[in-house]
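The data block below is coords-v4.txt; it holds compact mmCIF, C-alpha atoms.
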```
# COMPACT_ATOMS: atom_id res chain seq x y z
CA MET V 465 0.00 0.00 0.00
CA ILE V 466 1.24 3.49 -0.85
CA GLU V 467 2.05 5.78 2.07
CA GLY V 468 0.88 9.11 0.65
CA ILE V 469 -0.65 11.13 -2.17
CA LEU V 470 -0.72 14.64 -3.63
CA GLY V 471 -3.62 17.06 -3.23
CA ARG V 472 -4.74 20.67 -3.74
CA LYS V 473 -6.18 22.85 -0.99
CA ILE V 474 -9.70 24.06 -1.78
CA GLY V 475 -10.48 25.99 1.40
CA MET V 476 -12.07 25.68 4.83
CA THR V 477 -15.64 24.96 5.84
CA GLN V 478 -17.50 23.35 8.72
CA VAL V 479 -19.38 20.12 9.30
CA PHE V 480 -21.53 18.82 12.13
CA THR V 481 -21.00 15.55 13.97
CA LYS V 482 -23.77 13.14 14.90
CA GLU V 483 -23.75 14.69 18.37
CA GLY V 484 -24.40 18.13 16.87
CA ALA V 485 -20.91 19.55 17.48
CA MET V 486 -19.51 21.88 14.84
CA VAL V 487 -16.05 20.97 13.47
CA GLY V 488 -13.90 23.23 11.32
CA VAL V 489 -12.44 21.26 8.41
CA THR V 490 -10.19 21.84 5.42
CA ALA V 491 -11.42 20.55 2.05
CA ILE V 492 -8.64 19.04 -0.08
CA GLU V 493 -8.93 17.81 -3.66
CA VAL V 494 -6.94 14.58 -3.44
CA GLY V 495 -5.87 13.07 -6.74
CA PRO V 496 -6.58 11.24 -8.79
CA CYS V 497 -2.82 10.79 -9.10
CA ILE V 498 -1.15 8.77 -11.83
CA VAL V 499 1.79 6.43 -11.30
CA THR V 500 4.49 7.86 -13.58
CA GLN V 501 7.53 5.82 -12.52
CA ILE V 502 8.39 2.79 -10.38
CA LYS V 503 11.70 2.69 -8.51
CA THR V 504 13.10 -0.79 -7.81
CA GLN V 505 15.78 -2.07 -5.45
CA ALA V 506 17.71 -3.68 -8.31
CA LYS V 507 17.84 -0.58 -10.51
CA ASP V 508 17.60 2.37 -8.12
CA GLY V 509 18.69 0.98 -4.76
CA TYR V 510 15.31 1.52 -3.09
CA GLU V 511 11.63 0.88 -3.71
CA ALA V 512 9.24 3.76 -4.33
CA VAL V 513 6.54 5.01 -6.67
CA GLN V 514 6.46 8.40 -8.37
CA LEU V 515 3.02 10.01 -8.62
CA GLY V 516 1.92 12.82 -10.93
CA PHE V 517 -0.87 15.30 -10.21
CA ILE V 518 -2.72 17.97 -12.28
CA ALA V 519 -2.51 17.96 -16.06
CA ALA V 520 0.25 20.12 -17.53
CA LYS V 521 -0.41 22.47 -20.45
CA LYS V 522 3.21 22.46 -21.60
CA LEU V 523 6.36 20.51 -20.74
CA ASN V 524 9.94 20.74 -21.94
CA LYS V 525 11.47 17.80 -23.84
CA PRO V 526 13.12 16.07 -20.85
CA GLU V 527 9.88 16.23 -18.85
CA ALA V 528 7.79 15.03 -21.81
CA GLY V 529 10.20 12.15 -22.42
CA HIS V 530 10.06 11.12 -18.78
CA LEU V 531 6.24 11.07 -18.87
CA LYS V 532 5.78 9.48 -22.30
CA LYS V 533 4.35 6.28 -20.74
CA ALA V 534 1.90 8.24 -18.61
CA ARG V 535 -0.06 11.48 -18.92
CA MET V 536 1.45 14.96 -19.07
CA LEU V 537 1.40 16.03 -15.43
CA ARG V 538 2.67 19.14 -13.66
CA HIS V 539 3.55 17.99 -10.13
CA LEU V 540 5.63 14.87 -9.39
CA LYS V 541 6.45 13.32 -6.01
CA GLU V 542 7.91 10.00 -4.83
CA PHE V 543 6.29 7.87 -2.12
CA ARG V 544 7.40 4.66 -0.45
CA VAL V 545 5.20 1.59 -0.85
CA SER V 546 4.88 -1.63 1.11
CA GLU V 547 3.94 -3.82 -1.88
CA LEU V 548 5.66 -2.70 -5.08
CA ALA V 549 4.20 -5.61 -7.07
CA GLU V 550 0.72 -4.04 -6.81
CA MET V 551 1.85 -0.91 -8.69
CA GLN V 552 2.20 -0.27 -12.41
CA VAL V 553 2.83 2.80 -14.58
CA GLY V 554 -0.41 4.55 -15.53
CA GLN V 555 -2.32 3.28 -12.49
CA ASN V 556 -4.72 5.69 -10.76
CA ILE V 557 -4.37 6.41 -7.04
CA ASP V 558 -7.28 8.29 -5.47
CA VAL V 559 -8.68 9.40 -2.12
CA GLY V 560 -9.94 5.84 -1.51
CA ILE V 561 -6.66 5.05 0.29
CA PHE V 562 -8.01 7.07 3.25
CA LYS V 563 -11.04 6.58 5.48
CA ALA V 564 -12.70 8.56 8.26
CA GLY V 565 -10.68 8.47 11.46
CA ASP V 566 -7.27 8.05 9.79
CA LYS V 567 -4.38 10.16 11.09
CA ILE V 568 -2.37 12.06 8.47
CA ASP V 569 0.51 14.53 8.16
CA VAL V 570 0.00 17.34 5.63
CA THR V 571 2.96 19.23 4.14
CA GLY V 572 2.70 22.44 2.14
CA PHE V 573 4.23 25.89 1.72
CA SER V 574 3.01 28.57 4.10
CA LYS V 575 1.57 31.83 2.79
CA GLY V 576 4.25 34.32 1.76
CA LYS V 577 4.14 37.59 3.73
CA GLY V 578 6.92 39.45 1.92
CA PHE V 579 9.53 41.48 3.80
CA ALA V 580 8.71 41.81 7.50
CA GLY V 581 10.45 43.33 10.51
CA GLY V 582 11.57 41.57 13.65
CA VAL V 583 8.42 42.37 15.66
CA LYS V 584 6.13 40.72 13.11
CA ARG V 585 8.50 38.00 11.90
CA HIS V 586 9.98 36.82 15.22
CA ASN V 587 7.63 38.36 17.83
CA PHE V 588 10.26 40.79 19.17
CA ARG V 589 8.85 43.07 21.85
CA GLY V 590 10.79 46.13 20.63
CA GLY V 591 12.72 48.69 22.66
CA PRO V 592 11.48 50.92 25.49
CA LYS V 593 9.75 54.11 24.42
CA THR V 594 11.71 56.18 26.93
CA HIS V 595 15.21 57.47 27.73
CA GLY V 596 15.53 59.15 24.36
CA GLN V 597 14.39 56.10 22.38
CA SER V 598 10.93 57.24 21.32
CA ASP V 599 11.71 56.18 17.73
CA ARG V 600 13.02 52.67 18.56
CA LEU V 601 9.76 50.96 19.56
CA ARG V 602 9.93 48.40 16.74
CA GLY V 603 13.70 48.38 16.34
CA PRO V 604 15.64 45.08 16.54
CA GLY V 605 18.22 46.27 19.03
CA SER V 606 21.87 45.24 18.87
CA ILE V 607 22.68 42.45 16.42
CA GLY V 608 26.36 42.00 17.22
CA SER V 609 28.71 41.65 20.14
CA THR V 610 32.07 43.10 21.16
CA THR V 611 35.49 41.97 19.96
CA GLN V 612 34.60 38.29 20.29
CA PRO V 613 33.33 36.95 17.91
CA GLY V 614 33.16 40.42 16.37
CA ARG V 615 30.60 39.53 13.72
CA VAL V 616 26.91 38.78 13.27
CA LEU V 617 26.30 35.06 13.77
CA LYS V 618 24.55 33.05 11.07
CA GLY V 619 20.88 32.43 11.78
CA LYS V 620 20.46 35.64 13.78
CA HIS V 621 16.78 36.58 14.02
CA MET V 622 16.41 39.72 11.95
CA ALA V 623 14.04 41.35 9.49
CA GLY V 624 13.63 39.50 6.20
CA HIS V 625 11.41 37.37 3.97
CA MET V 626 8.53 35.98 6.02
CA GLY V 627 6.54 32.90 5.10
CA ASN V 628 6.69 30.77 1.93
CA GLU V 629 8.42 27.98 3.85
CA LYS V 630 7.76 24.25 3.89
CA VAL V 631 5.52 23.44 6.86
CA THR V 632 4.15 20.10 8.07
CA THR V 633 1.05 19.85 10.26
CA GLN V 634 1.04 16.49 12.04
CA ASN V 635 -1.60 14.11 13.35
CA LEU V 636 -4.63 15.61 11.62
CA THR V 637 -7.81 13.52 11.63
CA VAL V 638 -9.67 12.60 8.45
CA VAL V 639 -13.34 13.53 8.92
CA GLU V 640 -14.59 12.28 5.54
CA ALA V 641 -13.17 10.77 2.35
CA ASP V 642 -15.39 11.02 -0.75
CA PRO V 643 -13.99 9.04 -3.74
CA SER V 644 -16.87 10.13 -6.00
CA ARG V 645 -15.73 13.77 -5.79
CA ASN V 646 -12.05 13.17 -4.86
CA ILE V 647 -12.58 15.28 -1.74
CA LEU V 648 -10.89 14.78 1.63
CA LEU V 649 -12.19 16.66 4.68
CA VAL V 650 -9.53 17.09 7.36
CA GLU V 651 -10.17 18.42 10.85
CA GLY V 652 -8.36 21.71 11.43
CA ALA V 653 -6.16 23.85 9.20
CA VAL V 654 -3.40 22.83 6.79
CA PRO V 655 -0.45 24.93 5.53
CA GLY V 656 -0.70 27.33 2.60
CA GLY V 657 -3.36 29.23 0.74
CA LYS V 658 -6.12 28.28 -1.67
CA ASN V 659 -5.01 26.04 -4.57
CA GLY V 660 -1.72 25.25 -2.81
CA ILE V 661 -0.23 21.82 -3.55
CA LEU V 662 -0.11 19.50 -0.53
CA VAL V 663 1.65 16.24 0.29
CA ILE V 664 -0.61 14.01 2.40
CA MET V 665 1.05 11.17 4.29
CA LYS V 666 -0.42 8.44 6.45
CA VAL V 667 0.86 8.57 10.02
CA LYS V 668 2.88 5.48 10.84
CA SER V 669 2.03 3.75 14.09
CA ARG V 670 4.53 4.86 16.73
CA GLN V 671 5.83 2.09 18.92
```

Is it possible to express this structure as structure tokens?
Amino acid sequence: MIEGILGRKIGMTQVFTKEGAMVGVTAIEVGPCIVTQIKTQAKDGYEAVQLGFIAAKKLNKPEAGHLKKARMLRHLKEFRVSELAEMQVGQNIDVGIFKAGDKIDVTGFSKGKGFAGGVKRHNFRGGPKTHGQSDRLRGPGSIGSTTQPGRVLKGKHMAGHMGNEKVTTQNLTVVEADPSRNILLVEGAVPGGKNGILVIMKVKSRQ
């Protein structure tokens, strides 16, 4: 069985449980994905399946050659499988691999916020608005030290590009899986904005 699949975020809505409780859910268009390549232990040194998602309008020659045995697809991603013999190129993988109650991890890119200062980006509290520092309320403060090491260390929290980073939300619960519409309803929020591409993985049982 394959461990994951690709999907596209549609947006958030709400559903009601049998007990009448309201649950906020994220609707994800999951597949159908096409098997575009099979990796074997003998040839590649490991076993995996490459899936393609969303039809591509145009591909360059290397991409078109790679996908000549399958459909022209825009997004490709490899997933590990437990039984490689069950897979073949051109096979469809859909939301039917999930069921209500399953635990999943969802990976996507967070919304880009552009250039942001330290207060917004790293939750700095800013400087005191007193003792002649009335204009330093949102300033970062000192970023260096004295003679040792005498430089700004790598990774220092400063102003810069905020968001647009790979984020994984773990242990989300599947509320509903609808193969007829290729829709997966997941309790809670997932990374990214509308139409963002997501990687949906089954949570392995932790011993």

- Item | Within 10 Å of V:Val499 using all atoms listed in the file, minus same-chain residues under 3 positions, as JSON, numbers by chain | {"V": [496, 502, 513, 514, 515, 516, 517, 531, 533, 534, 535, 540, 541, 542, 551, 552, 553, 554, 555, 556, 557]}

- What is the atom CA of V:Val663-atom CA of V:His539 distance in Å, reported with one decimal? 10.7 Å

Contacts of V:Lys618 at 12 Å (all atoms listed in the file; same-chain gap of 5+ positions) as a PDB file with C-alpha atoms, in the frame of the given file:
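So out.pdb came out as:
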```pdb
ATOM      1  CA  ILE V 607      22.680  42.450  16.420  1.00  0.00           C
ATOM      2  CA  GLY V 608      26.360  42.000  17.220  1.00  0.00           C
ATOM      3  CA  PRO V 613      33.330  36.950  17.910  1.00  0.00           C
TER       4      PRO V 613
END
```

- Message: List the spatial neighbours of V:Ala491 as number ranges by chain - criterion: any atom at most 6 Å away, only C-alpha atoms, same-chain residues fewer than 5 positions off excluded.
- Response: V: 474-476, 648-649

- Hey, what's within 6 Å of V:Ile568 if we count only C-alpha atoms and toss same-chain stuff fewer than 3 positions away? As JSON, numbers by chain, please? {"V": [635, 636, 665, 666, 667]}

- Query: Which polymer residues have any atom within 12 Å of an atom of V:Lys658, counting only C-alpha atoms, with same-chain residues fewer than 6 positions away left out, as a PyMOL selection string?
  - Reply: chain V and resi 471-476+490-493+572-575

Would you output that residue set with C-alpha atoms, as an mmCIF file, in the frame of the given file?
```cif
data_model
loop_
_atom_site.group_PDB
_atom_site.id
_atom_site.type_symbol
_atom_site.label_atom_id
_atom_site.label_comp_id
_atom_site.auth_asym_id
_atom_site.auth_seq_id
_atom_site.Cartn_x
_atom_site.Cartn_y
_atom_site.Cartn_z
ATOM 1 C CA GLY V 471 -3.620 17.060 -3.230
ATOM 2 C CA ARG V 472 -4.740 20.670 -3.740
ATOM 3 C CA LYS V 473 -6.180 22.850 -0.990
ATOM 4 C CA ILE V 474 -9.700 24.060 -1.780
ATOM 5 C CA GLY V 475 -10.480 25.990 1.400
ATOM 6 C CA MET V 476 -12.070 25.680 4.830
ATOM 7 C CA THR V 490 -10.190 21.840 5.420
ATOM 8 C CA ALA V 491 -11.420 20.550 2.050
ATOM 9 C CA ILE V 492 -8.640 19.040 -0.080
ATOM 10 C CA GLU V 493 -8.930 17.810 -3.660
ATOM 11 C CA GLY V 572 2.700 22.440 2.140
ATOM 12 C CA PHE V 573 4.230 25.890 1.720
ATOM 13 C CA SER V 574 3.010 28.570 4.100
ATOM 14 C CA LYS V 575 1.570 31.830 2.790
#
```

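Rounded to one decimal, atom CA of V:Lys584 and atom CA of V:Pro655 lie 18.7 Å from each other.
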
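Those DNA, RNA and protein residues that approach the point (10.2, 5.0, 0.2) to within 10 Å, considering only C-alpha atoms, are Ile466, Glu467, Lys503, Tyr510, Glu511, Ala512, Val513, Gln514, Glu542, Phe543, Arg544, Val545 and Ser546 of chain V.
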
Selection export as a PDB file, keeping the file's coordinate frame, atoms kept: C-alpha atoms:
```pdb
ATOM      1  CA  ILE V 466       1.240   3.490  -0.850  1.00  0.00           C
ATOM      2  CA  GLU V 467       2.050   5.780   2.070  1.00  0.00           C
ATOM      3  CA  LYS V 503      11.700   2.690  -8.510  1.00  0.00           C
ATOM      4  CA  TYR V 510      15.310   1.520  -3.090  1.00  0.00           C
ATOM      5  CA  GLU V 511      11.630   0.880  -3.710  1.00  0.00           C
ATOM      6  CA  ALA V 512       9.240   3.760  -4.330  1.00  0.00           C
ATOM      7  CA  VAL V 513       6.540   5.010  -6.670  1.00  0.00           C
ATOM      8  CA  GLN V 514       6.460   8.400  -8.370  1.00  0.00           C
ATOM      9  CA  GLU V 542       7.910  10.000  -4.830  1.00  0.00           C
ATOM     10  CA  PHE V 543       6.290   7.870  -2.120  1.00  0.00           C
ATOM     11  CA  ARG V 544       7.400   4.660  -0.450  1.00  0.00           C
ATOM     12  CA  VAL V 545       5.200   1.590  -0.850  1.00  0.00           C
ATOM     13  CA  SER V 546       4.880  -1.630   1.110  1.00  0.00           C
TER      14      SER V 546
END
```

Since the input lacks some atoms of stretch 489-523 of chain V, please model N, CA and C atoms and print them as a short mmCIF file (atom, residue, chain, number, x, y, z; two decimals), keeping the file's coordinate frame.
```cif
data_model
loop_
_atom_site.label_atom_id
_atom_site.label_comp_id
_atom_site.auth_asym_id
_atom_site.auth_seq_id
_atom_site.Cartn_x
_atom_site.Cartn_y
_atom_site.Cartn_z
N VAL V 489 -13.20 22.20 9.23
CA VAL V 489 -12.44 21.26 8.41
C VAL V 489 -11.85 21.97 7.20
N THR V 490 -10.79 21.39 6.66
CA THR V 490 -10.19 21.84 5.42
C THR V 490 -10.57 20.86 4.31
N ALA V 491 -11.08 21.38 3.21
CA ALA V 491 -11.42 20.55 2.05
C ALA V 491 -10.22 20.48 1.12
N ILE V 492 -9.80 19.26 0.78
CA ILE V 492 -8.64 19.04 -0.08
C ILE V 492 -9.06 18.18 -1.27
N GLU V 493 -8.73 18.63 -2.47
CA GLU V 493 -8.93 17.81 -3.66
C GLU V 493 -7.75 16.85 -3.75
N VAL V 494 -8.00 15.58 -3.50
CA VAL V 494 -6.94 14.58 -3.44
C VAL V 494 -6.98 13.72 -4.70
N GLY V 495 -5.94 13.85 -5.53
CA GLY V 495 -5.87 13.07 -6.74
C GLY V 495 -7.02 13.40 -7.70
N PRO V 496 -7.32 12.49 -8.64
CA PRO V 496 -6.58 11.24 -8.79
C PRO V 496 -5.16 11.46 -9.30
N CYS V 497 -4.22 10.73 -8.70
CA CYS V 497 -2.82 10.79 -9.10
C CYS V 497 -2.50 9.60 -10.00
N ILE V 498 -1.55 9.80 -10.88
CA ILE V 498 -1.15 8.77 -11.83
C ILE V 498 0.25 8.29 -11.50
N VAL V 499 0.46 6.98 -11.49
CA VAL V 499 1.79 6.43 -11.30
C VAL V 499 2.61 6.70 -12.56
N THR V 500 3.68 7.48 -12.43
CA THR V 500 4.49 7.86 -13.58
C THR V 500 5.81 7.12 -13.65
N GLN V 501 6.26 6.56 -12.52
CA GLN V 501 7.53 5.82 -12.52
C GLN V 501 7.57 4.90 -11.31
N ILE V 502 8.22 3.75 -11.46
CA ILE V 502 8.39 2.79 -10.38
C ILE V 502 9.88 2.60 -10.13
N LYS V 503 10.30 2.85 -8.90
CA LYS V 503 11.70 2.69 -8.51
C LYS V 503 11.87 1.30 -7.87
N THR V 504 12.87 0.56 -8.33
CA THR V 504 13.10 -0.79 -7.81
C THR V 504 14.43 -0.87 -7.09
N GLN V 505 14.54 -1.86 -6.20
CA GLN V 505 15.78 -2.07 -5.45
C GLN V 505 16.93 -2.42 -6.38
N ALA V 506 16.65 -3.23 -7.40
CA ALA V 506 17.71 -3.68 -8.31
C ALA V 506 18.27 -2.54 -9.14
N LYS V 507 17.41 -1.65 -9.61
CA LYS V 507 17.84 -0.58 -10.51
C LYS V 507 18.20 0.71 -9.80
N ASP V 508 17.42 1.07 -8.76
CA ASP V 508 17.60 2.37 -8.12
C ASP V 508 18.13 2.30 -6.70
N GLY V 509 18.18 1.12 -6.11
CA GLY V 509 18.69 0.98 -4.76
C GLY V 509 17.65 1.15 -3.67
N TYR V 510 16.41 1.41 -4.05
CA TYR V 510 15.31 1.52 -3.09
C TYR V 510 14.00 1.33 -3.84
N GLU V 511 12.93 1.11 -3.10
CA GLU V 511 11.63 0.88 -3.71
C GLU V 511 10.71 2.07 -3.41
N ALA V 512 10.16 2.63 -4.47
CA ALA V 512 9.24 3.76 -4.33
C ALA V 512 8.43 3.90 -5.61
N VAL V 513 7.40 4.74 -5.52
CA VAL V 513 6.54 5.01 -6.67
C VAL V 513 6.45 6.53 -6.84
N GLN V 514 6.61 6.97 -8.07
CA GLN V 514 6.46 8.40 -8.37
C GLN V 514 5.04 8.67 -8.87
N LEU V 515 4.38 9.64 -8.23
CA LEU V 515 3.02 10.01 -8.62
C LEU V 515 3.02 11.37 -9.29
N GLY V 516 2.12 11.54 -10.26
CA GLY V 516 1.92 12.82 -10.93
C GLY V 516 0.52 13.35 -10.65
N PHE V 517 0.40 14.68 -10.58
CA PHE V 517 -0.87 15.30 -10.21
C PHE V 517 -1.08 16.57 -11.02
N ILE V 518 -2.27 16.80 -11.51
CA ILE V 518 -2.72 17.97 -12.28
C ILE V 518 -2.09 17.97 -13.67
N ALA V 519 -2.96 17.98 -14.67
CA ALA V 519 -2.51 17.96 -16.06
C ALA V 519 -1.71 19.21 -16.39
N ALA V 520 -0.62 19.01 -17.13
CA ALA V 520 0.25 20.12 -17.53
C ALA V 520 -0.13 20.60 -18.92
N LYS V 521 -0.12 21.91 -19.14
CA LYS V 521 -0.41 22.47 -20.45
C LYS V 521 0.80 22.37 -21.38
N LYS V 522 2.00 22.48 -20.79
CA LYS V 522 3.21 22.46 -21.60
C LYS V 522 4.37 21.92 -20.78
N LEU V 523 5.17 21.06 -21.38
CA LEU V 523 6.36 20.51 -20.74
C LEU V 523 7.55 20.66 -21.67
#
```
